[in-house]
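Below is the file my_file.pdb, which contains PDB, C-alpha atoms.
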```pdb
ATOM      1  CA  MET R   7     -31.405 -90.821 -19.336
ATOM      2  CA  ARG R   8     -33.564 -92.209 -22.113
ATOM      3  CA  ASP R   9     -33.791 -95.425 -20.121
ATOM      4  CA  LEU R  10     -35.225 -93.576 -17.142
ATOM      5  CA  ALA R  11     -37.843 -92.090 -19.432
ATOM      6  CA  ARG R  12     -38.650 -95.591 -20.706
ATOM      7  CA  ILE R  13     -39.200 -96.671 -17.098
ATOM      8  CA  LEU R  14     -41.743 -93.875 -16.755
ATOM      9  CA  THR R  15     -43.626 -95.063 -19.800
ATOM     10  CA  ILE R  16     -43.649 -98.617 -18.427
ATOM     11  CA  THR R  17     -45.237 -97.339 -15.211
ATOM     12  CA  ARG R  18     -47.658 -95.345 -17.382
ATOM     13  CA  TYR R  19     -47.021 -92.207 -15.382
ATOM     14  CA  PHE R  20     -46.458 -90.797 -18.843
ATOM     15  CA  SER R  21     -47.954 -92.162 -22.021
ATOM     16  CA  ASP R  22     -45.813 -90.039 -24.278
ATOM     17  CA  PHE R  23     -42.089 -90.710 -24.396
ATOM     18  CA  SER R  24     -41.152 -87.113 -25.165
ATOM     19  CA  GLU R  25     -43.151 -85.922 -22.149
ATOM     20  CA  ALA R  26     -41.337 -88.492 -19.995
ATOM     21  CA  MET R  27     -37.987 -87.311 -21.367
ATOM     22  CA  LYS R  28     -38.892 -83.736 -20.461
ATOM     23  CA  SER R  29     -39.729 -84.778 -16.911
ATOM     24  CA  VAL R  30     -36.479 -86.727 -16.611
ATOM     25  CA  GLY R  31     -34.584 -83.725 -17.978
ATOM     26  CA  ASN R  32     -36.038 -81.468 -15.297
ATOM     27  CA  ALA R  33     -35.248 -84.046 -12.627
ATOM     28  CA  VAL R  34     -31.700 -84.439 -13.921
ATOM     29  CA  GLU R  35     -31.123 -80.730 -13.545
ATOM     30  CA  SER R  36     -31.920 -80.763  -9.870
ATOM     31  CA  GLU R  37     -31.146 -84.258  -8.603
ATOM     32  CA  VAL R  38     -28.418 -85.764 -10.736
ATOM     33  CA  LYS R  39     -26.043 -82.801 -10.815
ATOM     34  CA  ALA R  40     -24.579 -83.774  -7.436
ATOM     35  CA  ILE R  41     -24.057 -87.336  -8.665
ATOM     36  CA  VAL R  42     -22.156 -86.082 -11.719
ATOM     37  CA  GLU R  43     -19.979 -83.929  -9.485
ATOM     38  CA  ALA R  44     -19.191 -86.774  -7.079
ATOM     39  CA  SER R  45     -18.513 -89.159  -9.981
ATOM     40  CA  LEU R  46     -16.075 -86.720 -11.561
ATOM     41  CA  GLN R  47     -14.335 -86.267  -8.218
ATOM     42  CA  LEU R  48     -14.008 -90.040  -7.743
ATOM     43  CA  ASP R  49     -12.782 -90.474 -11.314
ATOM     44  CA  ALA R  50     -10.160 -87.761 -10.941
ATOM     45  CA  THR R  51      -8.985 -89.185  -7.613
ATOM     46  CA  ILE R  52      -8.622 -92.699  -9.010
ATOM     47  CA  LYS R  53      -6.713 -91.475 -12.044
ATOM     48  CA  THR R  54      -4.410 -88.999 -10.336
ATOM     49  CA  LYS R  55      -3.890 -90.215  -6.788
ATOM     50  CA  ILE R  56      -3.855 -93.990  -6.833
ATOM     51  CA  ALA R  57      -0.576 -95.646  -7.837
ATOM     52  CA  LEU R  58      -2.229 -98.752  -9.272
ATOM     53  CA  SER R  59      -5.034 -97.059 -11.122
ATOM     54  CA  ASP R  60      -6.753-100.204 -12.394
ATOM     55  CA  VAL R  61      -9.515 -99.399  -9.943
ATOM     56  CA  SER R  62     -13.044 -98.943 -11.213
ATOM     57  CA  VAL R  63     -16.682 -98.788 -10.225
ATOM     58  CA  TYR R  64     -18.287-102.218 -10.015
ATOM     59  CA  ILE R  65     -21.861-102.800 -11.154
ATOM     60  CA  VAL R  66     -23.978-105.926 -10.795
ATOM     61  CA  PRO R  67     -26.642-106.139 -13.509
ATOM     62  CA  PRO R  68     -30.078-107.657 -12.878
ATOM     63  CA  GLY R  69     -30.314-111.370 -13.635
ATOM     64  CA  THR R  70     -26.876-112.130 -12.179
ATOM     65  CA  PHE R  71     -26.645-115.074  -9.791
ATOM     66  CA  PHE R  72     -25.875-113.924  -6.257
ATOM     67  CA  ALA R  73     -22.250-114.619  -5.273
ATOM     68  CA  GLU R  74     -21.026-113.736  -1.820
ATOM     69  CA  GLU R  75     -17.456-113.123  -2.942
ATOM     70  CA  THR R  76     -18.417-110.245  -5.248
ATOM     71  CA  MET R  77     -21.573-108.751  -3.709
ATOM     72  CA  ASP R  78     -23.547-108.300  -0.498
ATOM     73  CA  ASN R  79     -27.225-108.891   0.035
ATOM     74  CA  GLU R  80     -28.800-105.580   1.115
ATOM     75  CA  PHE R  81     -30.787-107.491   3.712
ATOM     76  CA  GLY R  82     -27.650-108.973   5.238
ATOM     77  CA  GLU R  83     -28.260-112.655   4.729
ATOM     78  CA  ASP R  84     -25.772-114.793   2.795
ATOM     79  CA  VAL R  85     -27.972-116.507   0.256
ATOM     80  CA  THR R  86     -25.351-117.923  -2.081
ATOM     81  CA  ARG R  87     -26.955-121.318  -1.784
ATOM     82  CA  ALA R  88     -30.104-120.705   0.227
ATOM     83  CA  GLY R  89     -32.065-123.929   0.236
ATOM     84  CA  GLY R  90     -29.823-125.237  -2.525
ATOM     85  CA  GLU R  91     -31.336-122.699  -4.897
ATOM     86  CA  ARG R  92     -29.221-120.043  -6.596
ATOM     87  CA  MET R  93     -30.612-116.577  -5.970
ATOM     88  CA  ILE R  94     -31.059-114.047  -8.778
ATOM     89  CA  VAL R  95     -30.244-110.349  -8.417
ATOM     90  CA  ALA R  96     -33.174-108.005  -9.151
ATOM     91  CA  GLY R  97     -31.092-104.842  -8.954
ATOM     92  CA  MET R  98     -28.292-103.026  -7.202
ATOM     93  CA  VAL R  99     -28.733-100.414  -4.479
ATOM     94  CA  LYS R 100     -25.076 -99.576  -3.869
ATOM     95  CA  ILE R 101     -22.231 -99.478  -6.349
ATOM     96  CA  GLY R 102     -18.970-101.260  -5.538
ATOM     97  CA  LEU R 103     -15.305-100.696  -6.274
ATOM     98  CA  VAL R 104     -12.950-103.264  -7.785
ATOM     99  CA  GLN R 105      -9.236-103.478  -8.517
ATOM    100  CA  ARG R 106      -8.313-105.571 -11.540
ATOM    101  CA  THR R 107      -4.812-106.971 -11.942
ATOM    102  CA  GLY R 108      -4.677-109.087 -15.054
ATOM    103  CA  ASN R 109      -7.530-111.537 -14.682
ATOM    104  CA  VAL R 110      -7.641-111.199 -10.917
ATOM    105  CA  GLU R 111     -10.382-109.079  -9.372
ATOM    106  CA  LYS R 112     -10.015-107.787  -5.833
ATOM    107  CA  MET R 113     -13.191-106.341  -4.377
ATOM    108  CA  LEU R 114     -12.371-103.131  -2.538
ATOM    109  CA  ARG R 115     -16.028-102.436  -1.852
ATOM    110  CA  LYS R 116     -18.723-104.987  -2.586
ATOM    111  CA  PRO R 117     -21.877-103.678  -4.237
ATOM    112  CA  LYS R 118     -25.161-104.250  -2.397
ATOM    113  CA  VAL R 119     -27.962-105.941  -4.241
ATOM    114  CA  ILE R 120     -31.643-106.747  -3.879
ATOM    115  CA  LEU R 121     -32.682-110.266  -4.777
ATOM    116  CA  GLU R 122     -35.703-111.128  -6.880
ATOM    117  CA  ARG R 123     -36.879-113.185  -3.921
ATOM    118  CA  ASP R 124     -37.140-110.011  -1.819
ATOM    119  CA  LEU R 125     -38.727-107.836  -4.493
ATOM    120  CA  VAL R 126     -42.291-108.816  -3.818
ATOM    121  CA  GLU R 127     -43.657-108.707  -0.320
ATOM    122  CA  PRO R 128     -45.245-112.033   0.552
ATOM    123  CA  GLU R 129     -49.025-111.779   0.851
ATOM    124  CA  GLY R 130     -50.230-110.955   4.347
ATOM    125  CA  GLU R 131     -46.931-109.492   5.568
ATOM    126  CA  SER R 132     -48.003-105.915   4.927
ATOM    127  CA  GLN R 133     -50.881-106.334   7.369
ATOM    128  CA  GLY R 134     -49.643-104.937  10.689
TER     129      GLY R 134
ATOM    130  CA  MET L   8      25.234 -91.800 -16.266
ATOM    131  CA  GLU L   9      22.241 -91.605 -18.604
ATOM    132  CA  ASN L  10      21.257 -95.140 -17.624
ATOM    133  CA  THR L  11      21.441 -94.174 -13.971
ATOM    134  CA  THR L  12      19.102 -91.245 -14.597
ATOM    135  CA  GLU L  13      16.615 -93.513 -16.389
ATOM    136  CA  LEU L  14      16.851 -96.075 -13.634
ATOM    137  CA  ASN L  15      16.178 -93.444 -11.004
ATOM    138  CA  ALA L  16      13.147 -92.235 -12.968
ATOM    139  CA  ALA L  17      11.848 -95.791 -13.253
ATOM    140  CA  GLN L  18      12.341 -96.391  -9.552
ATOM    141  CA  ALA L  19      10.537 -93.198  -8.726
ATOM    142  CA  PHE L  20       7.611 -94.427 -10.811
ATOM    143  CA  LEU L  21       7.684 -97.902  -9.303
ATOM    144  CA  THR L  22       7.783 -96.574  -5.769
ATOM    145  CA  LYS L  23       4.968 -94.094  -6.304
ATOM    146  CA  VAL L  24       2.537 -94.466  -3.459
ATOM    147  CA  ASP L  25      -1.126 -93.656  -3.265
ATOM    148  CA  ALA L  26      -1.680 -89.988  -2.552
ATOM    149  CA  VAL L  27      -5.065 -90.747  -1.123
ATOM    150  CA  SER L  28      -6.052 -93.186   1.595
ATOM    151  CA  GLU L  29      -8.299 -96.154   0.947
ATOM    152  CA  ALA L  30     -10.684 -94.734   3.537
ATOM    153  CA  GLU L  31     -10.979 -91.500   1.543
ATOM    154  CA  VAL L  32     -11.787 -93.361  -1.671
ATOM    155  CA  MET L  33     -14.313 -95.537   0.151
ATOM    156  CA  GLY L  34     -15.811 -92.373   1.577
ATOM    157  CA  MET L  35     -16.286 -91.030  -1.950
ATOM    158  CA  VAL L  36     -17.982 -94.263  -3.038
ATOM    159  CA  GLU L  37     -20.205 -94.139   0.024
ATOM    160  CA  ASN L  38     -21.057 -90.514  -0.713
ATOM    161  CA  LEU L  39     -22.031 -91.505  -4.251
ATOM    162  CA  ASN L  40     -24.205 -94.306  -2.917
ATOM    163  CA  THR L  41     -25.949 -91.876  -0.585
ATOM    164  CA  LEU L  42     -26.540 -89.413  -3.435
ATOM    165  CA  ILE L  43     -27.887 -92.167  -5.701
ATOM    166  CA  ALA L  44     -30.239 -93.434  -2.987
ATOM    167  CA  SER L  45     -31.447 -89.946  -2.221
ATOM    168  CA  ALA L  46     -31.964 -88.999  -5.882
ATOM    169  CA  SER L  47     -33.770 -92.279  -6.573
ATOM    170  CA  ASP L  48     -36.126 -91.726  -3.651
ATOM    171  CA  VAL L  49     -36.886 -88.166  -4.692
ATOM    172  CA  LEU L  50     -37.421 -89.059  -8.359
ATOM    173  CA  SER L  51     -39.557 -92.069  -7.494
ATOM    174  CA  ASP L  52     -41.701 -90.059  -5.054
ATOM    175  CA  THR L  53     -42.097 -87.217  -7.549
ATOM    176  CA  TRP L  54     -43.345 -89.494 -10.293
ATOM    177  CA  ASP L  55     -45.396 -91.631  -7.916
ATOM    178  CA  GLN L  56     -47.603 -88.621  -7.248
ATOM    179  CA  ARG L  57     -48.823 -88.688 -10.840
ATOM    180  CA  LYS L  58     -51.947 -90.523 -11.794
ATOM    181  CA  PRO L  59     -51.178 -93.427 -14.115
ATOM    182  CA  ILE L  60     -52.570 -93.140 -17.627
ATOM    183  CA  PRO L  61     -55.336 -95.688 -18.223
ATOM    184  CA  GLY L  62     -54.813 -98.306 -20.891
ATOM    185  CA  THR L  63     -52.496-101.172 -21.570
ATOM    186  CA  LEU L  64     -48.793-101.115 -22.140
ATOM    187  CA  VAL L  65     -47.785-101.565 -25.743
ATOM    188  CA  GLU L  66     -44.421-103.260 -25.886
ATOM    189  CA  ASP L  67     -42.085-102.023 -28.556
ATOM    190  CA  PRO L  68     -38.443-103.035 -29.190
ATOM    191  CA  ASP L  69     -37.228-100.465 -26.638
ATOM    192  CA  LEU L  70     -39.431-101.871 -23.909
ATOM    193  CA  LYS L  71     -38.428-105.401 -24.859
ATOM    194  CA  GLN L  72     -34.828-104.349 -24.368
ATOM    195  CA  ILE L  73     -35.696-103.158 -20.847
ATOM    196  CA  ARG L  74     -37.598-106.382 -20.123
ATOM    197  CA  ASP L  75     -34.586-108.374 -21.313
ATOM    198  CA  TYR L  76     -32.300-106.297 -19.128
ATOM    199  CA  PHE L  77     -34.322-106.454 -15.905
ATOM    200  CA  GLY L  78     -35.960-109.830 -16.359
ATOM    201  CA  ASN L  79     -39.693-110.575 -16.359
ATOM    202  CA  LEU L  80     -40.299-110.319 -12.611
ATOM    203  CA  MET L  81     -38.679-106.916 -12.196
ATOM    204  CA  PHE L  82     -40.288-105.605 -15.400
ATOM    205  CA  GLU L  83     -43.753-106.658 -14.241
ATOM    206  CA  GLN L  84     -43.193-105.057 -10.837
ATOM    207  CA  ILE L  85     -42.164-101.798 -12.510
ATOM    208  CA  ALA L  86     -45.235-101.961 -14.738
ATOM    209  CA  ALA L  87     -47.357-102.583 -11.616
ATOM    210  CA  ARG L  88     -45.792 -99.426 -10.113
ATOM    211  CA  ASN L  89     -44.338-101.260  -7.134
ATOM    212  CA  PRO L  90     -42.487 -98.263  -5.589
ATOM    213  CA  PHE L  91     -39.668-100.519  -4.394
ATOM    214  CA  ALA L  92     -39.100-101.859  -7.919
ATOM    215  CA  VAL L  93     -39.370 -98.416  -9.548
ATOM    216  CA  THR L  94     -36.849 -96.958  -7.076
ATOM    217  CA  LEU L  95     -34.554 -99.942  -7.606
ATOM    218  CA  ALA L  96     -34.726 -99.473 -11.385
ATOM    219  CA  ILE L  97     -33.781 -95.802 -11.017
ATOM    220  CA  GLN L  98     -30.889 -96.751  -8.716
ATOM    221  CA  MET L  99     -29.707 -99.292 -11.258
ATOM    222  CA  TYR L 100     -29.652 -96.734 -14.050
ATOM    223  CA  LEU L 101     -27.934 -94.124 -11.894
ATOM    224  CA  GLY L 102     -25.335 -96.767 -10.990
ATOM    225  CA  HIS L 103     -24.696 -97.346 -14.694
ATOM    226  CA  PHE L 104     -24.556 -93.610 -15.191
ATOM    227  CA  VAL L 105     -21.775 -93.335 -12.587
ATOM    228  CA  GLU L 106     -19.978 -96.243 -14.231
ATOM    229  CA  ARG L 107     -20.114 -94.473 -17.581
ATOM    230  CA  VAL L 108     -18.879 -91.187 -16.171
ATOM    231  CA  THR L 109     -15.966 -92.894 -14.421
ATOM    232  CA  SER L 110     -14.966 -95.222 -17.230
ATOM    233  CA  GLY L 111     -14.415 -93.142 -20.290
ATOM    234  CA  TRP L 112     -17.566 -91.189 -21.115
ATOM    235  CA  GLY L 113     -20.568 -92.512 -22.937
ATOM    236  CA  GLY L 114     -20.848 -89.479 -25.211
ATOM    237  CA  GLY L 115     -24.400 -88.432 -26.219
ATOM    238  CA  GLU L 116     -26.533 -88.045 -23.143
ATOM    239  CA  VAL L 117     -23.668 -87.868 -20.687
ATOM    240  CA  ALA L 118     -22.044 -85.191 -22.799
ATOM    241  CA  GLY L 119     -25.302 -83.245 -22.828
ATOM    242  CA  ILE L 120     -25.556 -83.192 -19.063
ATOM    243  CA  LEU L 121     -21.880 -82.475 -18.609
ATOM    244  CA  GLY L 122     -22.205 -79.714 -21.173
ATOM    245  CA  LYS L 123     -24.550 -77.848 -18.858
ATOM    246  CA  ILE L 124     -22.100 -78.273 -16.015
ATOM    247  CA  TYR L 125     -19.244 -77.171 -18.240
ATOM    248  CA  GLY L 126     -21.220 -74.030 -18.956
ATOM    249  CA  MET L 127     -21.348 -73.345 -15.229
ATOM    250  CA  ILE L 128     -17.640 -74.028 -14.864
ATOM    251  CA  SER L 129     -16.866 -71.666 -17.744
ATOM    252  CA  THR L 130     -18.847 -68.804 -16.287
ATOM    253  CA  LYS L 131     -18.433 -69.326 -12.571
ATOM    254  CA  GLY L 132     -15.078 -71.064 -12.220
ATOM    255  CA  LYS L 133     -15.132 -73.941  -9.800
ATOM    256  CA  LEU L 134     -18.480 -75.443  -8.880
ATOM    257  CA  ASN L 135     -17.261 -75.675  -5.335
ATOM    258  CA  GLY L 136     -13.984 -75.712  -3.494
ATOM    259  CA  CYS L 137     -13.904 -79.359  -2.513
ATOM    260  CA  VAL L 138     -11.667 -80.621  -5.311
ATOM    261  CA  ASP L 139      -7.973 -79.841  -5.459
ATOM    262  CA  SER L 140      -6.510 -78.030  -8.437
ATOM    263  CA  LYS L 141      -4.962 -81.090 -10.110
ATOM    264  CA  ALA L 142      -8.148 -83.105 -10.051
ATOM    265  CA  ASP L 143     -10.163 -80.034 -10.965
ATOM    266  CA  GLY L 144      -8.002 -79.382 -14.026
ATOM    267  CA  LEU L 145      -8.383 -82.950 -15.195
ATOM    268  CA  ARG L 146     -12.121 -82.788 -14.671
ATOM    269  CA  GLN L 147     -12.498 -79.600 -16.663
ATOM    270  CA  GLN L 148     -10.413 -81.062 -19.480
ATOM    271  CA  ARG L 149     -12.561 -84.200 -19.581
ATOM    272  CA  VAL L 150     -15.799 -82.262 -19.394
ATOM    273  CA  ARG L 151     -14.627 -80.011 -22.193
ATOM    274  CA  GLN L 152     -13.686 -82.984 -24.381
ATOM    275  CA  SER L 153     -16.978 -84.658 -23.647
ATOM    276  CA  HIS L 154     -18.880 -81.449 -24.346
ATOM    277  CA  GLN L 155     -17.137 -81.021 -27.685
ATOM    278  CA  GLY L 156     -17.785 -84.655 -28.544
ATOM    279  CA  GLY L 157     -21.487 -84.287 -27.755
ATOM    280  CA  GLU L 158     -21.932 -81.356 -30.127
ATOM    281  CA  HIS L 159     -21.594 -83.487 -33.252
TER     282      HIS L 159
END
```
Output the structure of this file as structure tokens.
Amino acid sequence: MRDLARILTITRYFSDFSEAMKSVGNAVESEVKAIVEASLQLDATIKTKIALSDVSVYIVPPGTFFAEETMDNEFGEDVTRAGGERMIVAGMVKIGLVQRTGNVEKMLRKPKVILERDLVEPEGESQG
Amino acid sequence: MENTTELNAAQAFLTKVDAVSEAEVMGMVENLNTLIASASDVLSDTWDQRKPIPGTLVEDPDLKQIRDYFGNLMFEQIAARNPFAVTLAIQMYLGHFVERVTSGWGGGEVAGILGKIYGMISTKGKLNGCVDSKADGLRQQRVRQSHQGGEH
């Protein structure tokens, strides 16, 4: 959660890191508890109820090149080679699930990502 | 005879089938995604109501690490308080958080949070009745281990 507090200092909503940490701590109490619960439930299910338990959560870090076989564009469009240019992932909005057998990865659920291209609204488009 | 017993045991292991449907697991992942999206929106909105502190951002090694992680464009959008970018950054971290919880515990911070939950489990029993006893037992064991690990 320190990283979330760092984000708050970058936005300058807090100038003091310890104050940001305190705010994140309060938020964690109320908002993240349900996520911990659901994560533990998923973890337990994978480990106890799936025969081939080499299944894990799949994350796409920022800066990754978009690849249709391992991720989906949140806005639906396949942009693997849009205009011949490789698209860069700005962040991930939905986690995925992968099954690894040796070196082979089978995507059970593709993560959904936002591209850098879509991060900034083009000028003029916000005007009704 | 002994070999036959071992063979039967091995076959039983090899023929073990999933005790949960793919749809159920996907439902859990989808539930997590909904929770992450909801939490990110709430956290982003909560902090967005604050007035930003005047002044310029002083980059230290920690902030450089975040810039390196997100890339310049995303970092600048966060610094400019683009709500979309801030929410996306929170989602990204919560995604990593889930990854850490489900892939062997990150210790430290995770243990701290889980410690609070373990306290609730210790005093109130189950948090809710949605998890079966086998999974619940495993969870409590893991939380306890993580809690103990985080105390050092």
message: Would you mind listing, as an NGL selection string, all residues of chain L that have at least one atom within 7 Å of chain R, where all atoms listed in the file are what counts?
response: :L and (23-27 or 35 or 39-40 or 42-43 or 46 or 50 or 54 or 57-60 or 64 or 76-78 or 81 or 85-88 or 92 or 95-99 or 102 or 105-106 or 108-109 or 116 or 138 or 142 or 145-146)
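Within the 6 Å cut-off around Arg106 in chain R, using only C-alpha atoms and omitting residues fewer than 2 positions from it on the same chain, the listed residues are Asp60, Val110 and Glu111 of chain R.
Using all atoms listed in the file for every distance, the candidate list R:Val61, R:Asp124, R:Gln105, R:Glu91 yields R:Asp124 as the residue closest to Asn79 in chain R.
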